[in-house]
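K.L.:
My structure is in my_file-v9.pdb, and what it holds is PDB, C-alpha atoms:
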MODEL        1
ATOM      1  CA  MET P 543       0.000   0.000   0.000
ATOM      2  CA  LYS P 544       1.270   3.438  -0.896
ATOM      3  CA  PHE P 545       1.885   5.706   2.071
ATOM      4  CA  ASP P 546      -0.133   8.515   0.486
ATOM      5  CA  GLU P 547      -3.176   6.224   0.354
ATOM      6  CA  LEU P 548      -2.886   5.644   4.105
ATOM      7  CA  LYS P 549      -2.673   9.408   4.600
ATOM      8  CA  SER P 550      -5.822   9.782   2.497
ATOM      9  CA  ILE P 551      -7.702   7.301   4.676
ATOM     10  CA  GLY P 552      -6.583   9.219   7.770
ATOM     11  CA  HIS P 553      -7.783  12.510   6.308
ATOM     12  CA  ASN P 554     -11.120  11.023   5.226
ATOM     13  CA  ILE P 555     -12.036   9.572   8.608
ATOM     14  CA  ALA P 556     -10.876  12.635  10.564
ATOM     15  CA  ASP P 557     -12.627  15.027   8.184
ATOM     16  CA  SER P 558     -15.835  13.022   8.524
ATOM     17  CA  LEU P 559     -15.729  13.300  12.316
ATOM     18  CA  GLY P 560     -14.835  16.981  12.120
ATOM     19  CA  SER P 561     -17.666  17.731   9.692
ATOM     20  CA  GLY P 562     -20.217  17.204  12.435
ATOM     21  CA  ILE P 563     -22.396  15.209  10.066
ATOM     22  CA  GLY P 564     -20.800  11.772  10.200
ATOM     23  CA  LEU P 565     -22.341  10.271   7.080
ATOM     24  CA  MET P 566     -19.720   7.531   7.269
ATOM     25  CA  ILE P 567     -21.312   6.203  10.471
ATOM     26  CA  GLY P 568     -24.904   7.401  10.227
ATOM     27  CA  VAL P 569     -24.636   9.957  13.062
ATOM     28  CA  TYR P 570     -25.820  13.387  12.067
ATOM     29  CA  GLU P 571     -25.116  15.652  15.035
ATOM     30  CA  MET P 572     -21.797  15.979  16.780
ATOM     31  CA  ASP P 573     -19.389  18.838  17.446
ATOM     32  CA  VAL P 574     -15.885  17.680  18.263
ATOM     33  CA  TYR P 575     -14.567  21.252  17.913
ATOM     34  CA  GLY P 576     -17.184  22.730  20.231
ATOM     35  CA  GLU P 577     -16.620  20.057  22.844
ATOM     36  CA  ALA P 578     -12.842  20.425  22.608
ATOM     37  CA  SER P 579     -12.766  24.219  22.764
ATOM     38  CA  ALA P 580     -15.179  24.360  25.724
ATOM     39  CA  THR P 581     -12.634  22.653  27.990
ATOM     40  CA  PRO P 582      -9.442  23.806  29.691
ATOM     41  CA  GLU P 583      -7.478  21.390  27.478
ATOM     42  CA  GLY P 584      -8.750  23.105  24.323
ATOM     43  CA  PHE P 585      -8.300  20.014  22.144
ATOM     44  CA  MET P 586      -9.499  16.479  21.729
ATOM     45  CA  ALA P 587      -7.248  13.764  20.318
ATOM     46  CA  VAL P 588      -8.906  10.681  18.841
ATOM     47  CA  ASP P 589      -7.208   7.331  18.264
ATOM     48  CA  PHE P 590      -9.205   5.784  15.428
ATOM     49  CA  LEU P 591      -7.622   2.342  15.930
ATOM     50  CA  THR P 592      -8.765   2.007  19.546
ATOM     51  CA  GLY P 593     -11.613   4.517  19.799
ATOM     52  CA  GLU P 594      -9.928   6.182  22.770
ATOM     53  CA  THR P 595      -9.553   9.918  23.328
ATOM     54  CA  SER P 596      -7.273  12.271  25.220
ATOM     55  CA  GLY P 597      -7.441  15.941  26.062
ATOM     56  CA  ALA P 598     -11.080  16.991  26.379
ATOM     57  CA  THR P 599     -13.492  14.309  27.552
ATOM     58  CA  PRO P 600     -16.159  13.660  24.908
ATOM     59  CA  SER P 601     -19.881  13.663  25.652
ATOM     60  CA  LEU P 602     -21.554  10.250  25.693
ATOM     61  CA  ALA P 603     -22.936  10.853  22.188
ATOM     62  CA  LEU P 604     -19.555  11.876  20.791
ATOM     63  CA  ALA P 605     -17.806   8.966  22.511
ATOM     64  CA  LYS P 606     -20.307   6.599  20.859
ATOM     65  CA  ALA P 607     -19.670   8.218  17.464
ATOM     66  CA  ILE P 608     -15.905   7.797  17.938
ATOM     67  CA  ARG P 609     -16.394   4.092  18.693
ATOM     68  CA  LEU P 610     -18.492   3.808  15.521
ATOM     69  CA  TYR P 611     -15.636   5.373  13.544
ATOM     70  CA  ARG P 612     -13.278   2.789  15.015
ATOM     71  CA  ASP P 613     -15.696   0.054  13.950
ATOM     72  CA  VAL P 614     -16.095   1.353  10.374
ATOM     73  CA  LEU P 615     -12.359   1.858   9.790
ATOM     74  CA  PRO P 616     -11.692  -1.713   8.531
ATOM     75  CA  SER P 617     -14.349  -1.364   5.807
ATOM     76  CA  LEU P 618     -13.016   2.082   4.852
ATOM     77  CA  CYS P 619      -9.582   0.504   4.478
ATOM     78  CA  GLU P 620     -11.042  -2.275   2.334
ATOM     79  CA  ARG P 621     -12.677   0.271   0.016
ATOM     80  CA  HIS P 622      -9.239   1.835  -0.407
ATOM     81  CA  GLY P 623      -7.685  -1.562  -1.148
ATOM     82  CA  CYS P 624      -5.740  -1.977   2.066
ATOM     83  CA  ASP P 625      -5.881  -3.802   5.371
ATOM     84  CA  ILE P 626      -6.256  -1.980   8.696
ATOM     85  CA  ARG P 627      -3.081  -3.794   9.851
ATOM     86  CA  GLU P 628      -1.121  -1.480   7.567
ATOM     87  CA  PHE P 629      -1.644   1.193  10.250
ATOM     88  CA  ARG P 630       0.466   1.085  13.377
ATOM     89  CA  ALA P 631      -1.132   4.376  14.470
ATOM     90  CA  LEU P 632      -3.952   6.581  13.174
ATOM     91  CA  SER P 633      -5.058   9.562  15.224
ATOM     92  CA  ALA P 634      -6.290  13.113  14.862
ATOM     93  CA  ARG P 635      -6.142  16.099  17.181
ATOM     94  CA  PHE P 636      -9.076  18.533  16.899
ATOM     95  CA  GLY P 637      -9.213  22.124  18.119
ATOM     96  CA  VAL P 638      -9.442  25.737  17.071
ATOM     97  CA  ASP P 639      -6.591  28.141  16.417
ATOM     98  CA  SER P 640      -6.123  31.691  17.746
ATOM     99  CA  LEU P 641      -8.422  33.000  14.969
ATOM    100  CA  ASN P 642     -11.131  30.496  16.030
ATOM    101  CA  ARG P 643     -10.679  28.453  12.840
ATOM    102  CA  ARG P 644     -11.385  24.750  13.057
ATOM    103  CA  GLN P 645      -8.292  22.656  12.549
ATOM    104  CA  PHE P 646      -7.177  19.083  12.912
ATOM    105  CA  THR P 647      -3.858  17.303  12.639
ATOM    106  CA  VAL P 648      -3.837  13.730  11.357
ATOM    107  CA  THR P 649      -0.931  11.555  12.485
ATOM    108  CA  ILE P 650      -0.317   8.149  10.986
ATOM    109  CA  THR P 651       2.380   5.523  11.312
ATOM    110  CA  ASP P 652       2.433   2.631   8.887
ATOM    111  CA  ALA P 653       3.406  -0.971   9.606
ATOM    112  CA  ARG P 654       6.993  -0.224   8.502
ATOM    113  CA  GLY P 655       7.319   2.662  10.965
ATOM    114  CA  ARG P 656       7.024   5.554   8.492
ATOM    115  CA  SER P 657       5.157   8.481  10.103
ATOM    116  CA  SER P 658       3.419  11.626   8.983
ATOM    117  CA  SER P 659       1.536  14.482  10.666
ATOM    118  CA  ASP P 660      -0.526  16.792   8.472
ATOM    119  CA  LEU P 661      -2.475  19.894   9.487
ATOM    120  CA  TYR P 662      -5.882  20.637   7.945
ATOM    121  CA  VAL P 663      -7.918  23.812   8.448
ATOM    122  CA  GLY P 664     -11.631  24.448   8.042
ATOM    123  CA  THR P 665     -14.586  22.298   7.145
ATOM    124  CA  PRO P 666     -13.959  20.446   4.975
ATOM    125  CA  GLY P 667     -10.377  20.158   6.135
ATOM    126  CA  ARG P 668      -7.835  21.502   3.677
ATOM    127  CA  ARG P 669      -4.078  21.846   3.890
ATOM    128  CA  PRO P 670      -3.194  25.456   4.711
ATOM    129  CA  ARG P 671      -1.503  27.470   2.009
ATOM    130  CA  TYR P 672       1.299  29.753   2.968
ATOM    131  CA  ARG P 673       2.303  32.788   0.999
ATOM    132  CA  LYS P 674       5.897  33.135   0.014
ATOM    133  CA  SER P 675       7.417  36.222   1.534
ATOM    134  CA  SER P 676       8.972  38.684  -0.847
ATOM    135  CA  THR P 677      12.334  39.762   0.475
TER     136      THR P 677
ENDMDL
END
Go through the file and emit its structure as structure tokens.

P.N.:
Amino acid sequence: MKFDELKSIGHNIADSLGSGIGLMIGVYEMDVYGEASATPEGFMAVDFLTGETSGATPSLALAKAIRLYRDVLPSLCERHGCDIREFRALSARFGVDSLNRRQFTVTITDARGRSSSDLYVGTPGRRPRYRKSST
């Protein structure tokens, strides 16, 4: 499996949770950003392989949705032509930045130990674009 395909799976599942709609799991109301930003921690990290969280404690409804994402991950991998065992780690950290923009960072590690962390901003999550400075 190509590493970029694993990154795509990570983005897709995290973006689905962050969208608040959750079409992937059939849950239509959740707000991971609102729940994360309303706590002293200011973030919620989700491990999609185990369904566990850190940082902000999710509501019962959000915790159930996260477990459903864990359960649907193997079929998402199958649709992408891979096996869930190709992931050693797959997590996302959700929060808002100083401008109150929604953002999440997806971190993956493949079975060979190759790792990547990518930041996405907004809904849907897109990679931020940085302007080149003119000096």

K.L.:
Take the PyMOL selection byres ((chain P and resi 558-564) around 10), apply it to the structure above, and return the hits as a PyMOL selection string.

P.N.:
chain P and resi 553-557+565-575+588+604+607-608+610-611+634+636-637+644-646+664-667

K.L.:
Which distance in Å separates CA of Arg669 (chain P) and CA of Val648 (chain P), to one decimal?

P.N.:
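If I compute the distance from CA of Arg669 (chain P) to CA of Val648 (chain P), I get 11.0 Å.
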
K.L.:
Can you tell me how far CA of Thr651 (chain P) sits from CA of Gly584 (chain P), in Å to one decimal?

P.N.:
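One can read the CA of Thr651 (chain P) to CA of Gly584 (chain P) distance as 24.5 Å.
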
K.L.:
Pick out the closest residue to Thr647 (chain P) from this set: P:Cys619, P:Glu547, P:Gly552, P:Ala578. Count all atoms listed in the file.

P.N.:
P:Gly552

K.L.:
Go ahead and compute the interatomic distance for CA of Ser640 (chain P) and CA of Glu594 (chain P), in Å to one decimal.

P.N.:
26.3 Å

K.L.:
What does the PyMOL selection byres ((chain P and resi 590) around 7) select in this file, as number ranges by chain?

P.N.:
P: 588-589, 591-593, 611-612, 632-633

K.L.:
From the list P:Arg671, P:Phe585, P:Glu577, P:Gly623, which residue is nearest Ala605 (chain P) when using only C-alpha atoms?

P.N.:
P:Glu577

K.L.:
Measuring between all atoms listed in the file, which one of P:Arg630, P:Ser596, P:Thr581, P:Arg609 shows the shortest distance to Gly655 (chain P)?

P.N.:
P:Arg630

K.L.:
Tell me which of P:Asp546, P:Glu620, P:Asp639, P:Glu583 sits closest to Ser659 (chain P), counting only C-alpha atoms.

P.N.:
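Selected residue with least distance to Ser659 (chain P): P:Asp546.
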
K.L.:
Would you place a box with edges along x, y and z of the file around all atoms of region 554-572 of chain P listed there, add 6 Å to each of its six sides, and report the centre and edge lengths in Å to one decimal, as JSON?

P.N.:
{"center_x": -18.3, "center_y": 12.0, "center_z": 11.0, "size_x": 26.9, "size_y": 23.5, "size_z": 23.6}

K.L.:
Using the incomplete input, complete region 577-608 of chain P to the level of N, CA and C atoms; output as a short mmCIF file (atom, residue, chain, number, x, y, z; two decimals), in the frame of the given file.

P.N.:
data_model
loop_
_atom_site.label_atom_id
_atom_site.label_comp_id
_atom_site.auth_asym_id
_atom_site.auth_seq_id
_atom_site.Cartn_x
_atom_site.Cartn_y
_atom_site.Cartn_z
N GLU P 577 -16.91 20.76 21.59
CA GLU P 577 -16.62 20.06 22.84
C GLU P 577 -15.17 20.26 23.26
N ALA P 578 -14.26 20.25 22.29
CA ALA P 578 -12.84 20.42 22.61
C ALA P 578 -12.55 21.83 23.10
N SER P 579 -13.10 22.83 22.41
CA SER P 579 -12.77 24.22 22.76
C SER P 579 -13.45 24.70 24.04
N ALA P 580 -14.47 23.97 24.50
CA ALA P 580 -15.18 24.36 25.72
C ALA P 580 -14.51 23.83 26.98
N THR P 581 -13.32 23.24 26.84
CA THR P 581 -12.63 22.65 27.99
C THR P 581 -11.31 23.36 28.23
N PRO P 582 -10.76 23.21 29.42
CA PRO P 582 -9.44 23.81 29.69
C PRO P 582 -8.35 23.25 28.77
N GLU P 583 -8.48 21.98 28.35
CA GLU P 583 -7.48 21.39 27.48
C GLU P 583 -7.48 22.07 26.11
N GLY P 584 -8.65 22.40 25.60
CA GLY P 584 -8.75 23.10 24.32
C GLY P 584 -8.58 22.22 23.10
N PHE P 585 -8.45 20.93 23.28
CA PHE P 585 -8.30 20.01 22.14
C PHE P 585 -8.85 18.65 22.53
N MET P 586 -9.14 17.87 21.52
CA MET P 586 -9.50 16.48 21.73
C MET P 586 -8.73 15.66 20.71
N ALA P 587 -7.98 14.68 21.19
CA ALA P 587 -7.25 13.76 20.32
C ALA P 587 -8.01 12.45 20.27
N VAL P 588 -8.15 11.91 19.06
CA VAL P 588 -8.91 10.68 18.84
C VAL P 588 -7.99 9.64 18.21
N ASP P 589 -7.93 8.47 18.83
CA ASP P 589 -7.21 7.33 18.26
C ASP P 589 -8.24 6.48 17.53
N PHE P 590 -8.19 6.49 16.21
CA PHE P 590 -9.20 5.78 15.43
C PHE P 590 -9.01 4.27 15.45
N LEU P 591 -7.84 3.79 15.85
CA LEU P 591 -7.62 2.34 15.93
C LEU P 591 -8.25 1.74 17.19
N THR P 592 -8.25 2.52 18.28
CA THR P 592 -8.76 2.01 19.55
C THR P 592 -10.09 2.63 19.95
N GLY P 593 -10.41 3.80 19.40
CA GLY P 593 -11.61 4.52 19.80
C GLY P 593 -11.43 5.31 21.08
N GLU P 594 -10.20 5.44 21.54
CA GLU P 594 -9.93 6.18 22.77
C GLU P 594 -9.63 7.64 22.47
N THR P 595 -9.81 8.48 23.48
CA THR P 595 -9.55 9.92 23.33
C THR P 595 -8.63 10.40 24.43
N SER P 596 -8.04 11.57 24.19
CA SER P 596 -7.27 12.27 25.22
C SER P 596 -7.55 13.75 25.07
N GLY P 597 -7.10 14.52 26.05
CA GLY P 597 -7.44 15.94 26.06
C GLY P 597 -8.84 16.09 26.64
N ALA P 598 -9.71 16.80 25.93
CA ALA P 598 -11.08 16.99 26.38
C ALA P 598 -11.81 15.65 26.44
N THR P 599 -12.68 15.51 27.43
CA THR P 599 -13.49 14.31 27.55
C THR P 599 -14.74 14.47 26.69
N PRO P 600 -14.99 13.53 25.78
CA PRO P 600 -16.16 13.66 24.91
C PRO P 600 -17.47 13.39 25.65
N SER P 601 -18.55 13.99 25.15
CA SER P 601 -19.88 13.66 25.65
C SER P 601 -20.16 12.19 25.35
N LEU P 602 -21.19 11.65 25.96
CA LEU P 602 -21.55 10.25 25.69
C LEU P 602 -21.87 10.04 24.22
N ALA P 603 -22.57 10.98 23.60
CA ALA P 603 -22.94 10.85 22.19
C ALA P 603 -21.70 10.89 21.30
N LEU P 604 -20.77 11.79 21.60
CA LEU P 604 -19.56 11.88 20.79
C LEU P 604 -18.68 10.65 21.01
N ALA P 605 -18.59 10.17 22.23
CA ALA P 605 -17.81 8.97 22.51
C ALA P 605 -18.37 7.78 21.73
N LYS P 606 -19.69 7.68 21.64
CA LYS P 606 -20.31 6.60 20.86
C LYS P 606 -19.95 6.75 19.38
N ALA P 607 -20.02 7.98 18.87
CA ALA P 607 -19.67 8.22 17.46
C ALA P 607 -18.22 7.82 17.20
N ILE P 608 -17.32 8.14 18.11
CA ILE P 608 -15.90 7.80 17.94
C ILE P 608 -15.73 6.28 17.90
#
